[in-house]
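Let me begin by presenting the structure, written as structure tokens, before commenting on it.
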Amino acid sequence: MRKLVTNLVVVSALFAAGSFTNSCSKVEDIIDDISVPVPFSIPVTTEVEIPYVLSTEFLRTPEIPLNLDLDAKIKEKFPSLSINNLKSAKLEKFSIDYVSSTGGAKLDKVKNAKLILKAPNLPEQVVAVVNNNTNADILNFTPNSEVELLEYLKSNQASFILEVQGSEAVLDQMKMKINSSFKIEVGL
């Protein structure tokens, strides 16, 4: 009887040790997945002047630098974290406000537009679109909330490209204000 009790205790101890070892790796997995509970937004506003060339076909604008120091923005909100703690980044909002133009053309000449994000060694990514615009003063883009921008925003050389299609041909020089916001999630 004593031998049976001893064997049961030994077997129970082995099961407990195996379960403890297995749960330790699960704890490590949980620690890897810990993120700051509330994602936060990083607004980026830039004023640029670009050639305003429209056709009834899609045409590309020159690259517009993103000018976002994401590491500094993260440290501003969470001093103990950095860009290395970035878990997710998505475009939350993007719009273009008309400021002025040389020839008087406004944004209502843009019928459709695509916003493309570009970074070195990464494929270009369409991140937002405008369809059937009629507003002369603002282009409100609809972001693709499924597109993960993590690797793009880690680069300090990220830029936007606009692909625009006009309702008619236009040749002008336009000053515009770009308003964007990125939803960022960081973790430990």
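Labels used: A, B, ... for chains in the order of the structure tokens, numbers from 1 for residues in each chain, and numbers from 1 for ligands as shown.
Near region 111-123 of chain A, within 7 Å and counting only C-alpha atoms, sit A:Ala128, A:Val129, A:Val130, A:Asn131, A:Asn132, A:Asn133, A:Tyr152, A:Ser155, A:Gln157, A:Ala158, A:Ser159, A:Phe160, A:Ile161, A:Leu162, A:Glu163, A:Val164, A:Gln165, A:Gly166, A:Ser167, not including residues fewer than 5 positions from it in the same chain.
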Inset, instruction - Determine the nearest neighbour of Glu124 (chain A) from the options A:Leu149, A:Ile178, A:Leu59, A:Leu81, counting only C-alpha atoms. - result: A:Leu149
Legend entry - Two-atom distance - CA of Thr46 (chain A), CA of Tyr98 (chain A) (Å):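 Computing it gives 12.3 Å between the two atoms.
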Inset, instruction - Can you pull out every residue within 12 Å of Phe78 (chain A), counting only C-alpha atoms, but drop anything in the same chain fewer than 2 positions away, and send it as a PyMOL selection string? - result: chain A and resi 35-36+38-40+70-76+80-83+85-86+184-188
For N, CA, C and O atoms, I'd like the residues from the last selection saved as a compact mmCIF listing (two decimals), in the first residue's frame.
# COMPACT_ATOMS: atom_id res chain seq x y z
N SER A 35 -0.29 44.51 -24.75
CA SER A 35 -0.22 45.79 -25.43
C SER A 35 -0.90 46.85 -24.58
O SER A 35 -1.68 46.53 -23.70
N VAL A 36 -0.57 48.10 -24.85
CA VAL A 36 -1.19 49.19 -24.14
C VAL A 36 -2.68 49.11 -24.45
O VAL A 36 -3.06 49.02 -25.61
N VAL A 38 -5.29 50.98 -24.62
CA VAL A 38 -6.00 51.94 -25.45
C VAL A 38 -5.10 52.38 -26.61
O VAL A 38 -4.11 53.07 -26.39
N PRO A 39 -5.43 51.97 -27.84
CA PRO A 39 -4.66 52.48 -28.97
C PRO A 39 -4.81 54.00 -29.02
O PRO A 39 -5.82 54.54 -28.58
N PHE A 40 -3.83 54.68 -29.53
CA PHE A 40 -3.91 56.12 -29.59
C PHE A 40 -3.68 56.60 -31.02
O PHE A 40 -3.12 55.89 -31.84
N LEU A 70 7.85 58.63 -35.79
CA LEU A 70 6.97 57.79 -34.98
C LEU A 70 7.59 57.45 -33.63
O LEU A 70 6.88 57.41 -32.62
N ASP A 71 8.89 57.26 -33.59
CA ASP A 71 9.55 56.95 -32.32
C ASP A 71 9.34 58.09 -31.32
O ASP A 71 9.00 57.86 -30.16
N ALA A 72 9.50 59.32 -31.76
CA ALA A 72 9.31 60.48 -30.88
C ALA A 72 7.85 60.59 -30.42
O ALA A 72 7.58 60.91 -29.26
N LYS A 73 6.92 60.31 -31.33
CA LYS A 73 5.49 60.39 -30.97
C LYS A 73 5.12 59.34 -29.94
O LYS A 73 4.33 59.60 -29.03
N ILE A 74 5.68 58.14 -30.07
CA ILE A 74 5.41 57.07 -29.09
C ILE A 74 6.00 57.46 -27.74
O ILE A 74 5.35 57.35 -26.71
N LYS A 75 7.26 57.93 -27.73
CA LYS A 75 7.92 58.32 -26.48
C LYS A 75 7.21 59.50 -25.80
O LYS A 75 7.20 59.60 -24.58
N GLU A 76 6.61 60.37 -26.60
CA GLU A 76 5.86 61.50 -26.07
C GLU A 76 4.67 61.01 -25.24
O GLU A 76 4.35 61.56 -24.20
N SER A 80 8.53 55.16 -21.69
CA SER A 80 9.33 53.93 -21.56
C SER A 80 9.26 53.04 -22.81
O SER A 80 9.95 52.04 -22.89
N LEU A 81 8.43 53.41 -23.80
CA LEU A 81 8.30 52.61 -25.01
C LEU A 81 8.94 53.31 -26.19
O LEU A 81 9.25 54.50 -26.13
N SER A 82 9.14 52.55 -27.28
CA SER A 82 9.76 53.13 -28.48
C SER A 82 9.12 52.49 -29.72
O SER A 82 8.21 51.67 -29.61
N ILE A 83 9.66 52.83 -30.87
CA ILE A 83 9.16 52.26 -32.13
C ILE A 83 9.32 50.74 -32.16
O ILE A 83 8.60 50.04 -32.86
N ASN A 85 8.46 48.81 -29.93
CA ASN A 85 7.29 48.24 -29.27
C ASN A 85 6.03 48.35 -30.12
O ASN A 85 4.95 48.01 -29.66
N LEU A 86 6.16 48.83 -31.35
CA LEU A 86 5.02 49.01 -32.23
C LEU A 86 4.41 47.66 -32.59
O LEU A 86 5.10 46.76 -33.06
N ILE A 184 -2.36 53.90 -33.63
CA ILE A 184 -1.15 53.18 -33.25
C ILE A 184 -1.42 52.31 -32.02
O ILE A 184 -2.10 52.75 -31.09
N GLU A 185 -0.86 51.11 -32.03
CA GLU A 185 -0.94 50.24 -30.86
C GLU A 185 0.48 49.79 -30.54
O GLU A 185 1.19 49.30 -31.41
N VAL A 186 0.90 50.00 -29.30
CA VAL A 186 2.22 49.58 -28.86
C VAL A 186 2.07 48.55 -27.76
O VAL A 186 1.04 48.46 -27.10
N GLY A 187 3.11 47.75 -27.55
CA GLY A 187 3.08 46.72 -26.51
C GLY A 187 4.44 46.51 -25.90
O GLY A 187 5.41 47.14 -26.30
N LEU A 188 4.48 45.66 -24.91
CA LEU A 188 5.73 45.40 -24.20
C LEU A 188 6.53 44.31 -24.87
O LEU A 188 6.06 43.51 -25.58
Legend entry - Exercise: Ala136 (chain A) partners within 6 Å, only C-alpha atoms, chain neighbours under 4 positions left out, as a count of residues only: 3
Legend entry - Length of the CA of Ser100 (chain A) to CA of Asn179 (chain A) vector [Å]: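 These atoms are spaced 15.9 Å apart.
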Inset, instruction - Provide the CA of Leu171 (chain A) to CA of Thr102 (chain A) distance in Å, to one decimal place. - result: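 Distance between the two atoms: 9.8 Å.
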Inset, instruction - Please report, as JSON, numbers by chain, each residue of region 46-167 of chain A to which DSSP assigns helix (DSSP H, G or I) when run on this structure's backbone. - result: {"A": [70, 71, 72, 73, 74, 75, 76, 77, 83, 84, 85, 107, 108, 109, 150, 151, 152, 153, 154]}
Write a file of the selected residues as a PDB file, in the first residue's frame, keeping C-alpha atoms.
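As written to disk, part-v9.pdb reads:
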ATOM      1  CA  LEU A  70       6.970  57.793 -34.979  1.00  0.00           C
ATOM      2  CA  ASP A  71       9.555  56.953 -32.322  1.00  0.00           C
ATOM      3  CA  ALA A  72       9.307  60.480 -30.878  1.00  0.00           C
ATOM      4  CA  LYS A  73       5.490  60.388 -30.974  1.00  0.00           C
ATOM      5  CA  ILE A  74       5.410  57.071 -29.086  1.00  0.00           C
ATOM      6  CA  LYS A  75       7.920  58.324 -26.479  1.00  0.00           C
ATOM      7  CA  GLU A  76       5.863  61.502 -26.066  1.00  0.00           C
ATOM      8  CA  LYS A  77       2.835  59.418 -25.043  1.00  0.00           C
ATOM      9  CA  ILE A  83       9.160  52.262 -32.131  1.00  0.00           C
ATOM     10  CA  ASN A  84      10.480  48.772 -31.312  1.00  0.00           C
ATOM     11  CA  ASN A  85       7.295  48.242 -29.272  1.00  0.00           C
ATOM     12  CA  LEU A 107     -10.619  70.127 -55.758  1.00  0.00           C
ATOM     13  CA  ASP A 108     -14.042  69.557 -57.351  1.00  0.00           C
ATOM     14  CA  LYS A 109     -12.166  68.801 -60.583  1.00  0.00           C
ATOM     15  CA  LEU A 150       3.494  48.825 -39.329  1.00  0.00           C
ATOM     16  CA  GLU A 151       6.580  48.366 -41.520  1.00  0.00           C
ATOM     17  CA  TYR A 152       5.844  51.481 -43.621  1.00  0.00           C
ATOM     18  CA  LEU A 153       5.658  53.777 -40.603  1.00  0.00           C
ATOM     19  CA  LYS A 154       8.859  52.397 -39.104  1.00  0.00           C
TER      20      LYS A 154
END
